file query.txt (compact mmCIF, C-alpha atoms)
# COMPACT_ATOMS: atom_id res chain seq x y z
CA MET A 233 63.96 144.43 4.80
CA GLU A 234 66.26 147.41 5.09
CA PHE A 235 68.69 148.28 2.36
CA LYS A 236 72.28 148.30 3.62
CA ASP A 237 74.78 150.74 2.20
CA TYR A 238 78.00 148.75 2.45
CA TYR A 239 80.08 151.66 1.21
CA GLN A 240 78.71 153.87 3.95
CA ILE A 241 79.37 151.17 6.56
CA LEU A 242 83.03 151.00 5.57
CA GLY A 243 83.18 154.77 5.08
CA VAL A 244 84.47 154.62 1.52
CA GLU A 245 83.39 156.12 -1.80
CA ARG A 246 81.56 153.94 -4.30
CA SER A 247 84.58 154.38 -6.54
CA ALA A 248 87.00 153.10 -3.86
CA THR A 249 89.79 150.79 -4.99
CA ASP A 250 90.26 147.32 -3.52
CA GLU A 251 93.22 148.68 -1.58
CA GLU A 252 91.13 151.52 -0.09
CA ILE A 253 88.41 149.08 0.89
CA LYS A 254 90.89 146.79 2.57
CA LYS A 255 92.45 149.69 4.44
CA ALA A 256 89.10 151.01 5.61
CA TYR A 257 88.12 147.53 6.78
CA ARG A 258 91.32 147.02 8.74
CA LYS A 259 91.00 150.36 10.44
CA LEU A 260 87.44 149.62 11.49
CA ALA A 261 88.33 146.07 12.56
CA ARG A 262 90.95 147.51 14.87
CA LYS A 263 88.40 149.84 16.41
CA TYR A 264 85.44 147.52 16.70
CA HIS A 265 86.76 144.00 16.99
CA PRO A 266 84.87 142.55 19.96
CA ASP A 267 87.99 140.80 21.25
CA VAL A 268 89.98 144.01 21.55
CA SER A 269 87.39 146.80 21.56
CA LYS A 270 85.94 148.62 24.54
CA VAL A 271 83.24 150.20 22.39
CA LYS A 272 79.69 149.33 23.39
CA ASP A 273 77.92 147.10 20.85
CA ALA A 274 81.27 146.32 19.27
CA GLU A 275 80.09 142.85 18.37
CA ALA A 276 77.09 144.04 16.35
CA LYS A 277 79.16 146.73 14.71
CA MET A 278 81.88 144.25 13.73
CA GLN A 279 79.27 141.95 12.26
CA GLU A 280 78.07 144.76 10.04
CA ILE A 281 81.63 145.65 9.02
CA ASN A 282 82.44 142.03 8.20
CA GLU A 283 79.30 141.76 6.14
CA ALA A 284 80.11 144.89 4.15
CA TYR A 285 83.68 143.73 3.59
CA GLU A 286 82.56 140.27 2.53
CA VAL A 287 80.65 141.86 -0.34
CA LEU A 288 82.97 144.68 -1.35
CA ARG A 289 86.19 142.65 -1.28
CA ASP A 290 84.81 140.13 -3.76
CA PRO A 291 84.74 141.56 -7.31
CA GLU A 292 81.74 139.44 -8.36
CA LYS A 293 79.66 140.24 -5.30
CA ARG A 294 80.62 143.88 -5.46
CA ALA A 295 79.61 144.16 -9.13
CA ALA A 296 76.28 142.48 -8.42
CA TYR A 297 75.70 144.71 -5.39
CA ASP A 298 76.59 147.83 -7.38
CA ARG A 299 74.18 146.93 -10.15
CA LEU A 300 71.41 146.29 -7.68
CA SER A 301 71.98 149.07 -5.23
CA SER A 302 72.07 152.15 -7.41
CA GLY A 303 69.23 154.38 -6.31
CA TYR A 304 68.88 152.93 -2.80
CA ARG A 305 69.71 154.76 0.39
CA SER A 306 70.77 153.21 3.67
CA GLY A 307 67.80 152.04 5.73
CA GLN A 308 65.34 152.27 2.84
CA GLU A 309 62.82 149.45 2.42
CA PHE A 310 64.34 146.95 0.06
CA ARG A 311 63.15 143.91 -1.87
CA PRO A 312 65.48 142.15 -4.31
CA PRO A 313 64.04 141.87 -7.83
CA PRO A 314 63.64 138.30 -9.14
CA ASP A 315 66.73 136.88 -10.82
CA TRP A 316 68.67 139.99 -9.93
CA ASP A 317 71.85 137.94 -9.77
CA ALA A 318 71.57 136.39 -13.23
CA GLY A 319 74.98 136.25 -14.80
CA PHE A 320 76.88 136.20 -11.52
CA GLU A 321 78.47 133.24 -9.85
CA PHE A 322 79.21 133.42 -6.16
CA ALA A 323 81.34 131.13 -4.14
CA TYR A 324 79.38 130.36 -1.01
CA GLY A 325 80.74 129.78 2.37
CA PRO A 326 82.19 129.31 4.76
CA PHE A 327 78.66 129.20 6.11
CA ALA A 328 79.87 129.86 9.61
CA ARG A 329 80.66 133.39 8.64
CA GLU A 330 77.62 134.19 6.57
CA SER A 331 74.81 132.76 8.63
CA ALA A 332 75.19 135.52 11.17
CA PHE A 333 74.86 138.25 8.57
CA SER A 334 71.78 140.36 8.05
CA ASP A 335 68.60 139.31 6.26
CA PHE A 336 69.61 141.81 3.60
CA PHE A 337 72.88 140.00 2.96
CA ASN A 338 71.30 136.59 3.08
CA SER A 339 68.56 137.50 0.64
CA LEU A 340 71.25 138.53 -1.83
CA PHE A 341 74.15 136.19 -1.27
CA GLY A 342 72.93 133.58 1.16
CA GLY A 343 70.82 131.44 -1.12
CA PHE A 344 72.88 128.35 -0.66
CA GLY A 345 69.82 126.40 0.43
CA ARG A 346 68.08 126.78 -2.88
CA ARG A 347 71.16 126.48 -5.01
CA ALA A 348 72.72 123.56 -3.27
CA SER A 349 70.14 121.01 -4.30
CA GLY A 350 71.40 117.46 -4.01
CA PHE A 351 74.04 118.63 -1.57
CA ARG A 352 73.81 117.13 1.90
CA ALA A 353 75.61 118.65 4.84
CA ARG A 354 75.39 118.83 8.60
CA GLY A 355 74.12 122.16 9.87
CA GLU A 356 76.73 124.37 11.44
CA ASP A 357 77.13 124.72 15.18
CA HIS A 358 75.87 127.89 16.80
CA HIS A 359 77.28 129.71 19.80
CA ALA A 360 75.61 132.03 22.27
CA LYS A 361 76.22 133.36 25.75
CA ILE A 362 73.88 132.75 28.62
CA PHE A 363 73.90 134.94 31.73
CA ILE A 364 72.99 133.33 35.02
CA ASP A 365 73.10 134.40 38.64
CA LEU A 366 75.81 133.03 40.89
CA GLU A 367 73.10 131.45 43.04
CA ASP A 368 72.00 129.40 40.00
CA ALA A 369 75.37 127.61 40.05
CA PHE A 370 74.69 126.61 43.66
CA ARG A 371 71.42 124.84 43.12
CA GLY A 372 71.20 124.25 39.40
CA VAL A 373 68.33 125.87 37.57
CA SER A 374 66.11 125.54 34.55
CA ARG A 375 66.25 128.62 32.36
CA THR A 376 64.35 129.78 29.32
CA VAL A 377 66.53 131.42 26.71
CA SER A 378 65.42 133.25 23.60
CA LEU A 379 67.72 133.13 20.63
CA GLN A 380 67.55 134.70 17.23
CA MET A 381 68.65 132.08 14.79
CA PRO A 382 68.96 132.09 11.05
CA GLN A 383 67.15 129.14 9.53
CA ILE A 384 66.34 127.98 6.06
CA ASP A 385 62.62 128.07 5.27
CA GLU A 386 60.62 125.90 2.87
CA GLN A 387 61.62 128.06 -0.09
CA GLY A 388 65.29 127.62 0.76
CA ARG A 389 65.71 131.18 1.97
CA LEU A 390 67.48 132.15 5.14
CA VAL A 391 65.13 133.77 7.61
CA THR A 392 65.58 134.85 11.22
CA ARG A 393 63.54 132.89 13.71
CA GLU A 394 63.06 133.53 17.38
CA ARG A 395 63.50 130.31 19.29
CA THR A 396 62.78 129.68 22.91
CA LEU A 397 64.70 126.93 24.61
CA GLN A 398 64.38 125.38 28.01
CA VAL A 399 67.90 124.82 29.31
CA GLN A 400 68.95 122.90 32.37
CA ILE A 401 71.87 124.62 34.11
CA PRO A 402 73.67 122.03 36.22
CA LYS A 403 74.72 122.71 39.80
CA GLY A 404 78.44 123.46 40.01
CA ILE A 405 78.82 125.10 36.60
CA HIS A 406 81.15 128.07 36.44
CA GLU A 407 82.04 130.90 34.18
CA GLY A 408 83.42 130.01 30.77
CA GLN A 409 82.04 126.51 30.80
CA LEU A 410 79.68 125.45 28.08
CA ILE A 411 76.40 123.68 27.70
CA ARG A 412 76.07 121.82 24.44
CA LEU A 413 72.58 121.21 23.12
CA ALA A 414 72.62 118.50 20.49
CA GLY A 415 70.69 119.27 17.33
CA GLN A 416 69.78 122.84 18.33
CA GLY A 417 72.17 124.55 15.93
CA ALA A 418 71.55 125.30 12.27
CA THR A 419 69.32 123.05 10.22
CA GLY A 420 71.20 120.66 7.97
CA LEU A 421 71.21 121.04 4.20
CA GLY A 422 69.58 118.51 1.92
CA GLY A 423 68.35 116.42 4.83
CA GLY A 424 71.64 116.49 6.73
CA PRO A 425 71.55 116.48 10.53
CA ALA A 426 71.22 119.75 12.45
CA GLY A 427 74.24 121.30 14.12
CA ASP A 428 74.63 121.77 17.85
CA LEU A 429 74.14 124.83 19.99
CA TYR A 430 76.82 125.83 22.48
CA LEU A 431 75.88 128.12 25.34
CA GLU A 432 78.75 129.78 27.16
CA VAL A 433 77.91 130.50 30.78
CA ARG A 434 78.56 133.94 32.22
CA PHE A 435 77.64 135.22 35.66
CA ARG A 436 75.79 138.46 36.12
CA PRO A 437 77.76 140.78 38.40
CA HIS A 438 76.91 140.01 42.03
CA PRO A 439 76.56 142.76 44.66
CA LEU A 440 78.53 140.73 47.24
CA TYR A 441 80.69 138.05 45.67
CA ARG A 442 83.48 138.26 43.14
CA VAL A 443 84.07 135.12 41.15
CA ASP A 444 87.39 133.63 40.13
CA GLY A 445 86.93 130.28 38.45
CA ARG A 446 85.30 128.17 41.10
CA ASP A 447 86.49 130.39 43.98
CA LEU A 448 84.57 133.29 45.43
CA TYR A 449 85.79 136.45 47.15
CA LEU A 450 83.77 138.44 49.66
CA THR A 451 84.83 141.59 51.46
CA LEU A 452 83.71 141.13 55.07
CA PRO A 453 83.44 144.27 57.21
CA VAL A 454 84.55 143.80 60.84
CA ALA A 455 84.57 146.12 63.85
CA PRO A 456 87.98 147.15 65.27
CA TRP A 457 87.45 145.12 68.47
CA GLU A 458 86.42 142.04 66.47
CA ALA A 459 89.65 142.28 64.50
CA ALA A 460 91.80 143.10 67.51
CA LEU A 461 90.39 140.70 70.07
CA GLY A 462 89.15 137.97 67.77
CA ALA A 463 85.47 137.11 67.51
CA THR A 464 83.00 134.73 66.00
CA VAL A 465 80.83 136.58 63.47
CA LYS A 466 78.24 135.70 60.89
CA ALA A 467 79.24 135.80 57.23
CA PRO A 468 76.97 135.32 54.22
CA THR A 469 77.69 132.58 51.68
CA PRO A 470 75.59 131.84 48.58
CA ALA A 471 74.44 128.67 50.37
CA GLY A 472 73.38 130.54 53.51
CA ALA A 473 75.00 132.34 56.45
CA VAL A 474 77.84 130.66 58.37
CA GLU A 475 79.70 131.44 61.61
CA VAL A 476 83.31 132.43 61.10
CA ARG A 477 86.02 132.83 63.69
CA ILE A 478 88.03 136.02 63.19
CA PRO A 479 91.54 135.45 64.62
CA ALA A 480 92.74 137.98 67.19
CA GLY A 481 95.14 140.59 65.80
CA SER A 482 93.61 140.64 62.29
CA GLN A 483 94.10 143.65 60.07
CA SER A 484 92.25 144.89 56.99
CA GLY A 485 93.12 142.80 53.95
CA ARG A 486 93.57 139.56 55.86
CA LYS A 487 92.14 136.65 53.91
CA LEU A 488 90.26 133.83 55.57
CA ARG A 489 89.60 130.77 53.48
CA LEU A 490 86.38 128.85 53.89
CA ARG A 491 87.29 125.60 52.24
CA GLY A 492 84.68 124.14 49.92
CA LYS A 493 82.29 127.09 50.31
CA GLY A 494 82.86 128.28 46.74
CA ILE A 495 81.04 127.00 43.69
CA PRO A 496 79.95 123.39 44.36
CA ALA A 497 81.94 121.93 41.48
CA ASP A 498 84.00 118.76 41.73
CA PRO A 499 86.19 119.57 43.59
CA PRO A 500 84.30 122.51 45.07
CA GLY A 501 85.84 125.97 45.10
CA ASP A 502 86.72 127.99 48.19
CA LEU A 503 85.21 131.17 49.56
CA TYR A 504 87.74 133.80 50.60
CA LEU A 505 86.69 136.40 53.13
CA VAL A 506 88.76 139.55 52.80
CA LEU A 507 88.54 141.41 56.12
CA ASN A 508 87.88 145.12 56.08
CA VAL A 509 88.11 146.87 59.44
CA VAL A 510 85.43 149.55 59.65
CA LEU A 511 85.61 152.30 62.22
CA PRO A 512 82.50 153.23 64.18
CA PRO A 513 81.56 156.84 63.45
CA ALA A 514 82.55 159.37 66.11
CA GLU A 515 79.21 161.09 65.98
CA THR A 516 78.25 161.16 69.65
CA GLU A 517 80.10 162.64 72.59
CA ARG A 518 80.31 159.15 74.09
CA ALA A 519 81.98 157.76 70.94
CA ARG A 520 84.42 160.65 70.75
CA GLU A 521 85.29 160.09 74.41
CA LEU A 522 86.09 156.42 73.72
CA TYR A 523 88.38 157.38 70.84
CA ARG A 524 90.11 159.96 73.08
CA THR A 525 90.64 157.31 75.73
CA MET A 526 92.27 154.99 73.19
CA SER A 527 94.41 157.81 71.93
CA ARG A 528 95.60 158.59 75.46
CA GLU A 529 96.13 155.06 76.66
CA LEU A 530 97.31 153.06 73.62
CA ALA A 531 100.13 155.37 72.51
CA PHE A 532 99.61 153.98 69.03
CA ASN A 533 101.50 155.44 66.07
CA PRO A 534 100.56 153.71 62.81
CA ARG A 535 103.36 155.59 60.98
CA ARG A 536 106.12 154.48 63.32
CA THR A 537 107.87 152.38 60.66
CA MET A 538 108.09 155.46 58.40
CA GLY A 539 110.48 157.23 60.71
CA VAL A 540 108.01 160.00 61.52
CA MET B 133 59.93 136.42 12.27
CA THR B 134 58.19 133.34 13.56
CA GLU B 135 58.29 132.01 17.06
CA SER B 136 58.30 128.45 18.20
CA MET B 137 58.62 126.92 21.64
CA LEU B 138 61.08 124.12 21.88
CA THR B 139 62.19 122.08 24.80
CA SER B 140 65.74 121.02 24.41
CA SER B 141 66.47 117.34 24.62
CA VAL B 142 70.07 116.30 25.06
CA SER B 143 72.38 118.69 26.82
CA VAL B 144 75.99 118.06 27.70
CA TRP B 145 77.96 120.06 30.23
CA ILE B 146 81.42 120.92 28.94
CA GLY B 147 83.73 121.83 31.75
CA ASP B 148 87.47 122.16 32.10
CA GLU B 149 88.12 118.49 31.45
CA GLY B 150 88.36 117.29 27.86
CA VAL B 151 85.09 116.28 26.26
CA LEU B 152 85.19 117.08 22.55
CA SER B 153 87.10 115.14 19.91
CA LEU B 154 89.21 116.98 17.34
CA GLU B 155 86.46 116.55 14.74
CA GLU B 156 83.79 117.89 17.08
CA LEU B 157 85.93 120.89 17.97
CA ALA B 158 86.53 121.59 14.28
CA VAL B 159 82.77 121.60 13.63
CA ALA B 160 82.18 123.78 16.68
CA CYS B 161 84.67 126.30 15.29
CA GLY B 162 83.48 126.04 11.69
CA VAL B 163 86.91 124.99 10.39
CA GLU B 164 88.60 121.91 8.89
CA ALA B 165 90.08 119.30 11.22
CA ASP B 166 93.58 120.09 9.90
CA CYS B 167 93.24 123.63 11.21
CA ILE B 168 92.68 122.30 14.75
CA GLN B 169 95.64 119.96 14.28
CA GLU B 170 97.75 123.01 13.45
CA LEU B 171 96.61 124.79 16.61
CA VAL B 172 97.68 121.78 18.65
CA ASP B 173 101.05 121.64 16.84
CA MET B 174 101.51 125.33 17.67
CA ALA B 175 100.64 124.59 21.32
CA VAL B 176 97.73 127.02 21.17
CA LEU B 177 95.53 124.15 22.27
CA SER B 178 96.61 121.46 24.67
CA PRO B 179 94.19 118.54 24.61
CA THR B 180 94.33 115.59 26.94
CA GLY B 181 95.27 112.28 25.34
CA THR B 182 98.46 111.35 23.54
CA GLU B 183 97.50 110.64 19.96
CA ARG B 184 95.20 112.55 17.64
CA ALA B 185 92.34 110.06 17.80
CA ALA B 186 92.38 110.20 21.60
CA TRP B 187 92.63 113.97 21.95
CA ARG B 188 89.89 115.56 24.02
CA PHE B 189 89.24 119.28 24.30
CA GLY B 190 87.50 121.24 27.05
CA ALA B 191 85.59 124.51 27.36
CA GLY B 192 88.78 126.60 27.45
CA ASP B 193 89.95 125.06 24.18
CA ILE B 194 86.70 125.92 22.42
CA ARG B 195 86.90 129.51 23.63
CA ARG B 196 90.57 129.86 22.65
CA ALA B 197 90.19 128.23 19.25
CA ARG B 198 87.15 130.29 18.32
CA LYS B 199 88.78 133.52 19.42
CA LEU B 200 91.97 132.73 17.53
CA ILE B 201 90.14 131.85 14.33
CA ARG B 202 88.08 135.03 14.63
CA LEU B 203 91.24 137.10 15.07
CA MET B 204 92.94 135.49 12.07
CA ARG B 205 89.91 136.00 9.89
CA ASP B 206 88.96 139.53 10.91
CA PHE B 207 92.49 140.94 11.03
CA GLU B 208 93.70 138.84 8.12
CA THR B 209 96.72 137.75 10.15
CA ASN B 210 98.63 134.52 10.15
CA LEU B 211 98.41 132.00 12.95
CA GLU B 212 101.57 133.17 14.71
CA ALA B 213 100.44 136.79 15.01
CA ALA B 214 96.94 135.77 16.10
CA ALA B 215 98.46 133.47 18.75
CA VAL B 216 100.45 136.40 20.17
CA ILE B 217 97.31 138.57 20.24
CA LEU B 218 95.46 135.76 21.97
CA ASP B 219 98.18 135.39 24.60
CA LEU B 220 98.14 139.12 25.30
CA LEU B 221 94.36 139.19 25.52
CA GLU B 222 94.44 136.35 28.01
CA GLU B 223 97.15 138.05 30.03
CA THR B 224 95.00 141.19 30.15
CA GLU B 225 92.02 139.12 31.21
CA ARG B 226 94.08 137.46 33.93
CA LEU B 227 95.16 140.87 35.28
CA ARG B 228 91.61 142.17 35.11
CA ALA B 229 90.47 139.15 37.09
CA GLN B 230 93.09 139.95 39.68
CA LEU B 231 91.74 143.49 40.00
CA ARG B 232 88.21 142.17 40.31
CA ARG B 233 89.31 139.73 43.00
CA ALA B 234 90.81 142.63 44.90
CA GLY B 235 87.47 144.37 44.68
CA LEU B 236 88.65 147.01 42.24
CA VAL B 237 86.58 147.89 39.20
CA ALA B 238 88.35 146.43 36.20
CA ASP B 239 86.37 147.63 33.18
call {"tool": "encode", "arguments": {"input": "query.txt", "output": "structure tokens"}}
result
Amino acid sequence: MEFKDYYQILGVERSATDEEIKKAYRKLARKYHPDVSKVKDAEAKMQEINEAYEVLRDPEKRAAYDRLSSGYRSGQEFRPPPDWDAGFEFAYGPFARESAFSDFFNSLFGGFGRRASGFRARGEDHHAKIFIDLEDAFRGVSRTVSLQMPQIDEQGRLVTRERTLQVQIPKGIHEGQLIRLAGQGATGLGGGPAGDLYLEVRFRPHPLYRVDGRDLYLTLPVAPWEAALGATVKAPTPAGAVEVRIPAGSQSGRKLRLRGKGIPADPPGDLYLVLNVVLPPAETERARELYRTMSRELAFNPRRTMGV
Amino acid sequence: MTESMLTSSVSVWIGDEGVLSLEELAVACGVEADCIQELVDMAVLSPTGTERAAWRFGAGDIRRARKLIRLMRDFETNLEAAAVILDLLEETERLRAQLRRAGLVAD
């Protein structure tokens, strides 16, 4: 296990006052909080910052950490000596916050399993995100997910276990919805029942469709004559290609709604086709001649309403 | 690290309609039931059902409650300030979604 230098993580001196530690934490929280931060890996970084703060803000934990950590450098191989915490009393919990901390933290402060003998409690619920393809929401799919989960081993220590779960993604699910797996959260304490696991569904970005709740948006390129004269063209949908009638006189940006062709929820979403008129390239003499003919014979001024 | 293959047994799909009771939501968020009650009183959460025992919460409530509790804890703010932050974050997300819908890159 790697030694973690909590002072270095918060960017403070070992002699920092409580006030300095709090200030450093708040500054970092503002920068790395996953809800407000644009920084990559903000979530992991915030976890580390929270962990460091959890120890350094608490006088008992800080004193124990100080006694233990003198002589260690960040990243160095670390093994806590037996009974290193003799003479200290920690208040454990809330578990929800600590279970996600590092093995290093848990080996020092997370021994609630071994201490809490005779104490029976339901395991906490866990949360994770699961990324699926849009197409998966159209047919439902069975997915294998790997999760790193802290668990309490036979000796009452918290260890990280890799768990593989087979998850059934129902047809019609959409972004932000959850799948709750009963009993797949943290193990209970003292024989208590296990918590649940919540998976929040997210879609991977799709090259064609943009998702808004249960509705989908697709930019559909059309030729100038299709838009001007009206036409029946083929358009893709996640459930297969369909024929769409483009009304005569359409312009770029016009939205056509295909009712019920969005995510097959109950009720199903819609698929919006946003028309985008694409000009044929004027690469050949023949094409240039056609453009010149239009120019001559249509007397079209797209800037007429601008007074120029 | 050890690895074990598990096949999950019971799975429940939580959509927009209310599914979870107040107690279940509290457990899902790792807080006391009274804390959820407070979020309802503050209109941060709006469950279906008229009285506390009949309240049911959906996926959006779980996301909102967890985010709010995380904001309060990590920024050491009170509920009112965290609720304002949450509202602004959701407004930003709504505008981003609008940009995405229009086919503009929003991130």
call {"tool": "axis_aligned_box", "arguments": {"input": "query.txt", "around": "segment 214-232 of chain B", "padding_each_side": "8 Å", "output": "lines of an AutoDock Vina configuration file"}}
result
center_x = 94.3
center_y = 138.5
center_z = 28.2
size_x = 28.2
size_y = 26.0
size_z = 40.2
call {"tool": "closest_residue", "arguments": {"input": "query.txt", "among": "A:Ala248, A:Leu431, A:Ala459, A:Val474", "to": "chain B", "atoms": "all atoms listed in the file"}}
result
A:Leu431
call {"tool": "residues_near_point", "arguments": {"input": "query.txt", "point": "(84.9, 133.3, 12.5)", "cutoff": "8 Å", "atoms": "all atoms listed in the file", "output": "list of chain:residue names"}}
result
A:Ala328, A:Arg329, B:Cys161, B:Gly162, B:Arg198, B:Lys199, B:Ile201, B:Arg202, B:Leu203, B:Arg205, B:Asp206
call {"tool": "atom_distance", "arguments": {"input": "query.txt", "atom1": "atom CA of Ala369 of chain A", "atom2": "atom CA of Gln409 of chain A"}}
result
11.5 Å
call {"tool": "interface_residues", "arguments": {"input": "query.txt", "of": "chain A", "to": "chain B", "cutoff": "8 Å", "atoms": "only C-alpha atoms", "output": "VMD selection string"}}
result
chain A and resid 258 261 to 262 265 267 to 268 282 326 328 356 to 358 391 to 400 402 405 408 to 414 416 428 442 to 444 449 451
call {"tool": "atom_distance", "arguments": {"input": "query.txt", "atom1": "atom CA of Ala471 of chain A", "atom2": "atom CA of Gly492 of chain A"}}
result
11.2 Å
call {"tool": "atom_distance", "arguments": {"input": "query.txt", "atom1": "atom CA of Ser374 of chain A", "atom2": "atom CA of Gly355 of chain A"}}
result
26.2 Å
call {"tool": "residues_around", "arguments": {"input": "query.txt", "residues": "Gly372 of chain A", "least_positions_apart": "2", "cutoff": "12 Å", "atoms": "only C-alpha atoms", "output": "MDAnalysis selection string"}}
result
chainID A and resid 364:370 374:375 399:406 495:497
